[in-house]
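Participant: Structure file entry-v7.txt (compact mmCIF, N, CA and C atoms) right here:
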```txt
# COMPACT_ATOMS: atom_id res chain seq x y z
N MET A 18 -6.63 92.54 153.22
CA MET A 18 -6.45 93.97 153.38
C MET A 18 -5.02 94.34 152.98
N LEU A 19 -4.87 95.40 152.22
CA LEU A 19 -3.56 95.85 151.79
C LEU A 19 -2.85 96.61 152.90
N GLN A 20 -1.58 96.32 153.04
CA GLN A 20 -0.78 97.06 154.02
C GLN A 20 -0.22 98.30 153.35
N GLN A 21 -0.13 99.36 154.14
CA GLN A 21 0.46 100.58 153.62
C GLN A 21 1.96 100.38 153.51
N GLN A 22 2.51 100.86 152.42
CA GLN A 22 3.94 100.78 152.23
C GLN A 22 4.60 101.88 153.06
N GLN A 23 5.55 101.50 153.90
CA GLN A 23 6.22 102.48 154.73
C GLN A 23 7.43 103.02 153.99
N ARG A 24 7.68 104.31 154.20
CA ARG A 24 8.85 104.93 153.62
C ARG A 24 10.07 104.54 154.43
N PRO A 25 11.20 104.36 153.76
CA PRO A 25 12.41 104.06 154.51
C PRO A 25 12.81 105.29 155.33
N PRO A 26 13.57 105.07 156.41
CA PRO A 26 13.98 106.21 157.22
C PRO A 26 14.84 107.16 156.40
N ALA A 27 14.79 108.42 156.75
CA ALA A 27 15.59 109.43 156.05
C ALA A 27 17.07 109.13 156.25
N PRO A 28 17.86 109.26 155.18
CA PRO A 28 19.29 109.00 155.31
C PRO A 28 19.94 110.03 156.24
N SER A 29 20.93 109.58 157.00
CA SER A 29 21.53 110.48 157.98
C SER A 29 22.95 110.88 157.62
N SER A 30 23.73 110.02 157.02
CA SER A 30 25.11 110.36 156.68
C SER A 30 25.21 110.71 155.19
N SER A 31 26.29 111.37 154.83
CA SER A 31 26.52 111.72 153.43
C SER A 31 26.53 110.48 152.55
N ARG A 32 27.12 109.39 153.07
CA ARG A 32 27.17 108.15 152.31
C ARG A 32 25.77 107.60 152.08
N GLU A 33 24.93 107.63 153.11
CA GLU A 33 23.56 107.15 152.98
C GLU A 33 22.75 108.02 152.03
N VAL A 34 23.00 109.33 152.09
CA VAL A 34 22.31 110.24 151.17
C VAL A 34 22.69 109.90 149.74
N MET A 35 23.97 109.71 149.47
CA MET A 35 24.40 109.39 148.11
C MET A 35 23.86 108.04 147.65
N GLU A 36 23.76 107.08 148.55
CA GLU A 36 23.17 105.80 148.19
C GLU A 36 21.70 105.98 147.80
N SER A 37 20.99 106.81 148.55
CA SER A 37 19.59 107.10 148.23
C SER A 37 19.48 107.81 146.90
N VAL A 38 20.38 108.76 146.65
CA VAL A 38 20.40 109.49 145.37
C VAL A 38 20.59 108.51 144.22
N MET A 39 21.56 107.62 144.38
CA MET A 39 21.85 106.66 143.31
C MET A 39 20.65 105.74 143.05
N LEU A 40 19.98 105.31 144.11
CA LEU A 40 18.79 104.47 143.95
C LEU A 40 17.68 105.23 143.22
N LEU A 41 17.47 106.48 143.61
CA LEU A 41 16.43 107.29 142.96
C LEU A 41 16.76 107.54 141.50
N GLU A 42 18.01 107.84 141.22
CA GLU A 42 18.40 108.09 139.83
C GLU A 42 18.32 106.83 138.98
N THR A 43 18.65 105.69 139.56
CA THR A 43 18.51 104.42 138.85
C THR A 43 17.03 104.14 138.58
N SER A 44 16.20 104.38 139.58
CA SER A 44 14.76 104.21 139.43
C SER A 44 14.21 105.12 138.34
N ALA A 45 14.67 106.37 138.34
CA ALA A 45 14.24 107.33 137.31
C ALA A 45 14.62 106.84 135.92
N HIS A 46 15.82 106.32 135.80
CA HIS A 46 16.27 105.82 134.50
C HIS A 46 15.42 104.64 134.04
N GLN A 47 15.12 103.72 134.97
CA GLN A 47 14.28 102.57 134.64
C GLN A 47 12.87 103.01 134.23
N LEU A 48 12.33 103.96 134.96
CA LEU A 48 11.00 104.48 134.61
C LEU A 48 11.01 105.12 133.23
N GLU A 49 12.07 105.85 132.95
CA GLU A 49 12.21 106.49 131.64
C GLU A 49 12.26 105.44 130.53
N LEU A 50 13.02 104.37 130.76
CA LEU A 50 13.11 103.31 129.76
C LEU A 50 11.76 102.64 129.50
N CYS A 51 10.92 102.62 130.54
CA CYS A 51 9.58 102.02 130.41
C CYS A 51 8.56 103.02 129.86
N GLY A 52 8.98 104.25 129.60
CA GLY A 52 8.07 105.25 129.06
C GLY A 52 7.29 106.01 130.11
N ASN A 53 7.65 105.87 131.37
CA ASN A 53 6.97 106.57 132.46
C ASN A 53 7.73 107.86 132.80
N ASP A 54 7.72 108.78 131.86
CA ASP A 54 8.53 109.98 131.99
C ASP A 54 8.13 110.87 133.17
N VAL A 55 6.85 111.02 133.42
CA VAL A 55 6.41 111.90 134.51
C VAL A 55 6.84 111.32 135.84
N GLN A 56 6.72 110.01 136.01
CA GLN A 56 7.19 109.38 137.24
C GLN A 56 8.71 109.48 137.35
N ALA A 57 9.40 109.36 136.23
CA ALA A 57 10.86 109.50 136.22
C ALA A 57 11.26 110.90 136.70
N ILE A 58 10.52 111.90 136.26
CA ILE A 58 10.79 113.28 136.68
C ILE A 58 10.61 113.41 138.19
N ARG A 59 9.58 112.79 138.73
CA ARG A 59 9.38 112.84 140.19
C ARG A 59 10.56 112.25 140.94
N GLN A 60 11.07 111.14 140.43
CA GLN A 60 12.24 110.51 141.07
C GLN A 60 13.47 111.42 140.93
N MET A 61 13.61 112.05 139.78
CA MET A 61 14.73 112.96 139.58
C MET A 61 14.65 114.15 140.54
N GLU A 62 13.43 114.64 140.78
CA GLU A 62 13.25 115.75 141.73
C GLU A 62 13.65 115.33 143.14
N ARG A 63 13.24 114.15 143.55
CA ARG A 63 13.59 113.65 144.88
C ARG A 63 15.10 113.48 145.01
N ALA A 64 15.72 112.94 143.96
CA ALA A 64 17.17 112.76 143.97
C ALA A 64 17.89 114.11 144.05
N LEU A 65 17.38 115.10 143.32
CA LEU A 65 17.98 116.43 143.34
C LEU A 65 17.91 117.03 144.74
N MET A 66 16.76 116.92 145.38
CA MET A 66 16.62 117.48 146.73
C MET A 66 17.62 116.85 147.69
N LEU A 67 17.78 115.54 147.59
CA LEU A 67 18.74 114.87 148.47
C LEU A 67 20.18 115.25 148.10
N ARG A 68 20.47 115.23 146.81
CA ARG A 68 21.82 115.55 146.35
C ARG A 68 22.27 116.93 146.83
N CYS A 69 21.36 117.86 146.81
CA CYS A 69 21.72 119.23 147.19
C CYS A 69 21.89 119.41 148.70
N GLN A 70 21.51 118.40 149.47
CA GLN A 70 21.72 118.45 150.92
C GLN A 70 23.18 118.27 151.29
N ILE A 71 23.94 117.62 150.42
CA ILE A 71 25.33 117.31 150.75
C ILE A 71 26.29 118.02 149.80
N GLN A 72 26.40 119.28 149.98
CA GLN A 72 27.33 120.06 149.16
C GLN A 72 28.59 120.33 149.99
N GLU A 73 29.38 119.28 150.16
CA GLU A 73 30.56 119.38 151.01
C GLU A 73 31.80 119.81 150.24
N SER A 74 31.77 119.69 148.92
CA SER A 74 32.93 120.06 148.11
C SER A 74 32.45 120.73 146.83
N ALA A 75 33.41 121.31 146.10
CA ALA A 75 33.09 121.94 144.81
C ALA A 75 32.50 120.91 143.85
N SER A 76 32.98 119.68 143.94
CA SER A 76 32.45 118.61 143.10
C SER A 76 30.99 118.32 143.41
N ASP A 77 30.62 118.35 144.69
CA ASP A 77 29.23 118.13 145.09
C ASP A 77 28.33 119.24 144.55
N VAL A 78 28.81 120.48 144.60
CA VAL A 78 28.04 121.62 144.09
C VAL A 78 27.84 121.45 142.58
N ALA A 79 28.91 121.08 141.89
CA ALA A 79 28.82 120.88 140.43
C ALA A 79 27.85 119.76 140.10
N ASP A 80 27.89 118.67 140.87
CA ASP A 80 26.96 117.55 140.64
C ASP A 80 25.51 117.98 140.86
N CYS A 81 25.30 118.81 141.86
CA CYS A 81 23.95 119.31 142.15
C CYS A 81 23.45 120.19 141.00
N LEU A 82 24.31 121.06 140.50
CA LEU A 82 23.94 121.91 139.37
C LEU A 82 23.65 121.07 138.12
N ASP A 83 24.48 120.07 137.87
CA ASP A 83 24.28 119.20 136.71
C ASP A 83 22.95 118.44 136.82
N ALA A 84 22.64 117.97 138.03
CA ALA A 84 21.38 117.24 138.24
C ALA A 84 20.18 118.17 138.03
N ALA A 85 20.31 119.41 138.48
CA ALA A 85 19.23 120.38 138.28
C ALA A 85 19.03 120.66 136.79
N GLU A 86 20.13 120.80 136.06
CA GLU A 86 20.02 121.02 134.62
C GLU A 86 19.37 119.83 133.92
N ARG A 87 19.79 118.62 134.29
CA ARG A 87 19.17 117.43 133.69
C ARG A 87 17.66 117.40 133.94
N LEU A 88 17.26 117.80 135.14
CA LEU A 88 15.84 117.81 135.48
C LEU A 88 15.08 118.83 134.64
N VAL A 89 15.62 120.03 134.51
CA VAL A 89 14.96 121.08 133.72
C VAL A 89 14.87 120.64 132.26
N VAL A 90 15.95 120.08 131.73
CA VAL A 90 15.95 119.61 130.34
C VAL A 90 14.92 118.51 130.16
N LYS A 91 14.86 117.58 131.11
CA LYS A 91 13.88 116.49 131.03
C LYS A 91 12.45 117.03 131.07
N CYS A 92 12.19 117.98 131.96
CA CYS A 92 10.85 118.60 132.01
C CYS A 92 10.50 119.23 130.67
N ASN A 93 11.43 119.95 130.07
CA ASN A 93 11.19 120.59 128.79
C ASN A 93 10.97 119.57 127.67
N THR A 94 11.79 118.54 127.65
CA THR A 94 11.69 117.51 126.60
C THR A 94 10.34 116.80 126.66
N VAL A 95 9.95 116.38 127.85
CA VAL A 95 8.68 115.67 128.01
C VAL A 95 7.50 116.62 127.77
N ALA A 96 7.65 117.88 128.17
CA ALA A 96 6.59 118.86 127.94
C ALA A 96 6.33 119.05 126.44
N VAL A 97 7.40 119.20 125.68
CA VAL A 97 7.24 119.40 124.23
C VAL A 97 6.61 118.16 123.59
N ARG A 98 7.09 116.99 123.98
CA ARG A 98 6.50 115.76 123.46
C ARG A 98 5.02 115.68 123.83
N SER A 99 4.68 116.11 125.04
CA SER A 99 3.29 116.06 125.50
C SER A 99 2.40 116.99 124.70
N PHE A 100 2.82 118.25 124.55
CA PHE A 100 1.90 119.15 123.85
C PHE A 100 1.84 118.87 122.36
N LYS A 101 2.87 118.25 121.81
CA LYS A 101 2.79 117.84 120.41
C LYS A 101 1.80 116.69 120.23
N SER A 102 1.52 115.98 121.32
CA SER A 102 0.52 114.91 121.32
C SER A 102 -0.82 115.41 121.85
N ASP A 103 -0.98 116.73 121.88
CA ASP A 103 -2.19 117.38 122.36
C ASP A 103 -2.49 117.12 123.83
N GLU A 104 -1.47 116.78 124.61
CA GLU A 104 -1.60 116.63 126.06
C GLU A 104 -1.13 117.94 126.69
N TYR A 105 -1.94 118.97 126.51
CA TYR A 105 -1.54 120.33 126.89
C TYR A 105 -1.37 120.49 128.41
N THR A 106 -2.22 119.86 129.18
CA THR A 106 -2.14 120.03 130.63
C THR A 106 -0.82 119.49 131.17
N VAL A 107 -0.44 118.31 130.73
CA VAL A 107 0.83 117.72 131.18
C VAL A 107 1.99 118.61 130.74
N GLY A 108 1.98 119.02 129.49
CA GLY A 108 3.05 119.87 128.99
C GLY A 108 3.17 121.17 129.75
N GLU A 109 2.03 121.79 130.02
CA GLU A 109 2.03 123.06 130.74
C GLU A 109 2.53 122.88 132.18
N GLN A 110 2.11 121.81 132.84
CA GLN A 110 2.57 121.56 134.22
C GLN A 110 4.08 121.35 134.26
N LEU A 111 4.60 120.61 133.31
CA LEU A 111 6.05 120.36 133.29
C LEU A 111 6.83 121.64 132.99
N LEU A 112 6.30 122.48 132.12
CA LEU A 112 6.99 123.75 131.84
C LEU A 112 6.94 124.67 133.05
N HIS A 113 5.82 124.65 133.78
CA HIS A 113 5.75 125.44 135.02
C HIS A 113 6.78 124.93 136.03
N ASN A 114 6.95 123.63 136.09
CA ASN A 114 7.94 123.05 136.99
C ASN A 114 9.35 123.54 136.60
N ALA A 115 9.65 123.52 135.31
CA ALA A 115 10.95 123.99 134.84
C ALA A 115 11.14 125.47 135.14
N LEU A 116 10.07 126.27 134.98
CA LEU A 116 10.17 127.70 135.32
C LEU A 116 10.46 127.90 136.79
N ARG A 117 9.80 127.12 137.64
CA ARG A 117 10.03 127.22 139.08
C ARG A 117 11.49 126.92 139.42
N LEU A 118 12.04 125.90 138.77
CA LEU A 118 13.43 125.52 139.03
C LEU A 118 14.42 126.56 138.54
N THR A 119 14.00 127.41 137.60
CA THR A 119 14.91 128.40 137.01
C THR A 119 14.62 129.83 137.43
N GLU A 120 13.75 130.00 138.44
CA GLU A 120 13.47 131.34 138.94
C GLU A 120 14.72 131.95 139.55
N GLU A 121 14.78 133.27 139.51
CA GLU A 121 15.89 133.96 140.15
C GLU A 121 15.84 133.65 141.64
N GLY A 122 16.96 133.22 142.20
CA GLY A 122 17.02 132.87 143.61
C GLY A 122 16.68 131.43 143.91
N SER A 123 16.22 130.67 142.90
CA SER A 123 15.89 129.26 143.10
C SER A 123 17.17 128.44 143.22
N GLN A 124 17.21 127.60 144.24
CA GLN A 124 18.38 126.75 144.45
C GLN A 124 18.21 125.46 143.68
N PRO A 125 19.25 124.90 143.14
CA PRO A 125 20.64 125.30 143.22
C PRO A 125 21.10 126.18 142.07
N LEU A 126 20.24 126.38 141.07
CA LEU A 126 20.68 127.06 139.85
C LEU A 126 21.00 128.54 140.04
N SER A 127 20.58 129.14 141.14
CA SER A 127 20.87 130.56 141.35
C SER A 127 22.37 130.82 141.46
N SER A 128 23.14 129.80 141.77
CA SER A 128 24.58 129.99 141.88
C SER A 128 25.29 129.97 140.53
N ASP A 129 24.58 129.63 139.47
CA ASP A 129 25.15 129.65 138.11
C ASP A 129 24.18 130.42 137.22
N VAL A 130 24.35 131.74 137.23
CA VAL A 130 23.40 132.64 136.56
C VAL A 130 23.28 132.34 135.07
N ASP A 131 24.40 132.12 134.39
CA ASP A 131 24.35 131.86 132.95
C ASP A 131 23.56 130.60 132.63
N ARG A 132 23.82 129.55 133.37
CA ARG A 132 23.11 128.29 133.15
C ARG A 132 21.63 128.46 133.45
N ARG A 133 21.32 129.11 134.55
CA ARG A 133 19.92 129.32 134.94
C ARG A 133 19.19 130.11 133.87
N GLN A 134 19.81 131.20 133.38
CA GLN A 134 19.15 132.03 132.37
C GLN A 134 18.98 131.29 131.04
N ARG A 135 19.95 130.49 130.67
CA ARG A 135 19.86 129.72 129.43
C ARG A 135 18.70 128.71 129.52
N LEU A 136 18.63 128.01 130.65
CA LEU A 136 17.56 127.02 130.83
C LEU A 136 16.20 127.71 130.91
N ARG A 137 16.14 128.86 131.55
CA ARG A 137 14.89 129.61 131.65
C ARG A 137 14.45 130.10 130.27
N GLY A 138 15.41 130.58 129.47
CA GLY A 138 15.09 131.02 128.11
C GLY A 138 14.52 129.89 127.27
N THR A 139 15.11 128.71 127.40
CA THR A 139 14.61 127.54 126.68
C THR A 139 13.18 127.21 127.11
N THR A 140 12.95 127.26 128.41
CA THR A 140 11.61 126.95 128.94
C THR A 140 10.59 127.96 128.45
N LEU A 141 10.93 129.24 128.49
CA LEU A 141 10.02 130.28 128.01
C LEU A 141 9.75 130.11 126.51
N ASN A 142 10.78 129.75 125.76
CA ASN A 142 10.62 129.49 124.34
C ASN A 142 9.63 128.33 124.13
N ASN A 143 9.78 127.28 124.93
CA ASN A 143 8.86 126.15 124.81
C ASN A 143 7.44 126.52 125.20
N PHE A 144 7.30 127.43 126.18
CA PHE A 144 5.96 127.94 126.49
C PHE A 144 5.39 128.66 125.27
N GLY A 145 6.24 129.39 124.56
CA GLY A 145 5.80 130.06 123.34
C GLY A 145 5.35 129.06 122.29
N CYS A 146 6.10 127.99 122.15
CA CYS A 146 5.72 126.94 121.20
C CYS A 146 4.39 126.30 121.59
N LEU A 147 4.20 126.09 122.89
CA LEU A 147 2.93 125.55 123.38
C LEU A 147 1.78 126.48 123.02
N GLY A 148 1.96 127.78 123.25
CA GLY A 148 0.92 128.76 122.91
C GLY A 148 0.62 128.75 121.41
N GLY A 149 1.68 128.68 120.59
CA GLY A 149 1.49 128.62 119.15
C GLY A 149 0.77 127.36 118.73
N HIS A 150 1.11 126.25 119.35
CA HIS A 150 0.48 124.97 119.03
C HIS A 150 -1.00 124.99 119.37
N ARG A 151 -1.35 125.75 120.41
CA ARG A 151 -2.75 125.88 120.82
C ARG A 151 -3.48 126.95 120.01
N GLY A 152 -2.77 127.68 119.18
CA GLY A 152 -3.38 128.75 118.40
C GLY A 152 -3.48 130.06 119.15
N ARG A 153 -2.80 130.17 120.27
CA ARG A 153 -2.80 131.40 121.07
C ARG A 153 -1.56 132.22 120.69
N LEU A 154 -1.65 132.88 119.56
CA LEU A 154 -0.47 133.52 118.98
C LEU A 154 0.05 134.70 119.78
N ALA A 155 -0.84 135.49 120.37
CA ALA A 155 -0.39 136.62 121.19
C ALA A 155 0.38 136.12 122.41
N GLU A 156 -0.14 135.08 123.03
CA GLU A 156 0.53 134.47 124.18
C GLU A 156 1.88 133.89 123.76
N ALA A 157 1.90 133.22 122.62
CA ALA A 157 3.13 132.63 122.11
C ALA A 157 4.19 133.71 121.87
N LEU A 158 3.78 134.80 121.26
CA LEU A 158 4.72 135.89 120.99
C LEU A 158 5.27 136.48 122.27
N GLN A 159 4.42 136.64 123.26
CA GLN A 159 4.85 137.18 124.55
C GLN A 159 5.93 136.30 125.18
N PHE A 160 5.72 134.98 125.20
CA PHE A 160 6.70 134.07 125.76
C PHE A 160 7.99 134.08 124.95
N MET A 161 7.86 134.14 123.62
CA MET A 161 9.05 134.17 122.77
C MET A 161 9.88 135.41 123.03
N GLN A 162 9.21 136.54 123.18
CA GLN A 162 9.93 137.78 123.46
C GLN A 162 10.59 137.72 124.83
N GLU A 163 9.89 137.18 125.80
CA GLU A 163 10.46 137.05 127.15
C GLU A 163 11.65 136.11 127.15
N SER A 164 11.63 135.09 126.31
CA SER A 164 12.74 134.13 126.26
C SER A 164 14.01 134.78 125.75
N LEU A 165 13.87 135.88 125.01
CA LEU A 165 15.04 136.56 124.46
C LEU A 165 15.63 137.57 125.41
N SER A 166 14.91 137.92 126.47
CA SER A 166 15.43 138.96 127.39
C SER A 166 16.20 138.36 128.55
```
Turn the structure described in the file into structure tokens.

Facilitator:
Amino acid sequence: MLQQQQRPPAPSSSREVMESVMLLETSAHQLELCGNDVQAIRQMERALMLRCQIQESASDVADCLDAAERLVVKCNTVAVRSFKSDEYTVGEQLLHNALRLTEEGSQPLSSDVDRRQRLRGTTLNNFGCLGGHRGRLAEALQFMQESLS
């Protein structure tokens, strides 16, 4: 009989949180190297959530914003690769994830409006490309126009 894998206890100190973040980011990188991009994105999301818990200094806030940007860029990159391979569902899910991360008021990117809007514009543009790739030209045009506003 297989035993259930237990989750490690939640980190309690800032040092433990950063150790967990580093482990998750290392895991994400390894998954990415093995071609497991969707799983890598999940690890990046978990690392981002933990990283944003410890915003004790301006450097911590900047690191959190940078991690959020890396995640949005990764979602967009894998989404485009997916829909170019006719894996539309995966591509669409990843673009929706990137849109959620770049919504107005979404943390942590809401504190850097220019970065959030730039990443959102890129994501909307990629949604337009997805629509065009599927032959949904009206939908593609709508997303392209929205990406410019």

Participant: Please list as a ChimeraX atom specification every residue within 8 Å of range 96-106 of chain A, counting all atoms listed in the file and excluding residues in the same chain fewer than 5 positions away.

Facilitator: /A:90-91,111-112,143,146-147,150-151

Participant: Got time to write the residues from that selection, N, CA and C atoms, as a compact mmCIF listing (two decimals), keeping the file's coordinate frame?

Facilitator:
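Okay, result_25.txt is ready:
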```txt
# COMPACT_ATOMS: atom_id res chain seq x y z
N VAL A 90 15.95 120.08 131.73
CA VAL A 90 15.95 119.61 130.34
C VAL A 90 14.92 118.51 130.16
N LYS A 91 14.86 117.58 131.11
CA LYS A 91 13.88 116.49 131.03
C LYS A 91 12.45 117.03 131.07
N LEU A 111 4.60 120.61 133.31
CA LEU A 111 6.05 120.36 133.29
C LEU A 111 6.83 121.64 132.99
N LEU A 112 6.30 122.48 132.12
CA LEU A 112 6.99 123.75 131.84
C LEU A 112 6.94 124.67 133.05
N ASN A 143 9.78 127.28 124.93
CA ASN A 143 8.86 126.15 124.81
C ASN A 143 7.44 126.52 125.20
N CYS A 146 6.10 127.99 122.15
CA CYS A 146 5.72 126.94 121.20
C CYS A 146 4.39 126.30 121.59
N LEU A 147 4.20 126.09 122.89
CA LEU A 147 2.93 125.55 123.38
C LEU A 147 1.78 126.48 123.02
N HIS A 150 1.11 126.25 119.35
CA HIS A 150 0.48 124.97 119.03
C HIS A 150 -1.00 124.99 119.37
N ARG A 151 -1.35 125.75 120.41
CA ARG A 151 -2.75 125.88 120.82
C ARG A 151 -3.48 126.95 120.01
```

Participant: Give me, please, the distance in Å between atom N of Glu163 in chain A and CA of Gly145 in chain A, quoted to one decimal.

Facilitator: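 Separation of atom N of Glu163 in chain A and CA of Gly145 in chain A: 8.6 Å.
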
Participant: Please write as a count of residues only the list of polymer residues whose atoms come within 6 Å of (22.0, 126.1, 134.7), counting only C-alpha atoms and keeping to the coordinates of the file.

Facilitator: 6

Participant: Between A:Met161, A:Arg59, A:Leu82, A:Val38, which residue has the minimum interatomic distance to Gln124 in chain A, considering only C-alpha atoms?

Facilitator: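 Of all the options, A:Leu82 lies closest to Gln124 in chain A.
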
Participant: Figure out the distance between atom C of Asn114 in chain A and CA of Ala157 in chain A, please, to one decimal in Å.

Facilitator: 18.2 Å

Participant: Contacts of Ala57 in chain A at 6 Å or less, counting all atoms listed in the file, minus same-chain residues fewer than 3 places along, as a ChimeraX atom specification?

Facilitator: /A:44-46,48-49,53-54,60-62

Participant: Grab the atom C of Gln110 in chain A to atom C of Glu36 in chain A distance for me, in Å with one decimal place.

Facilitator: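 Answer for the atom C of Gln110 in chain A to atom C of Glu36 in chain A separation: 27.0 Å.
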
Participant: Which residue gives the smallest distance to Met39 in chain A among A:Glu73, A:Asp80, A:Leu158, A:Ala64, with only N, CA and C atoms counted?

Facilitator: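 When distances to Met39 in chain A are compared using only N, CA and C atoms, the smallest one comes from A:Ala64.
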
Participant: DSSP on the backbone: which residues in chain A end up as helix (DSSP H, G or I)? Give the answer as a PyMOL selection string.

Facilitator: chain A and resi 31-50+54-68+75-101+105-118+126-128+130-150+154-165
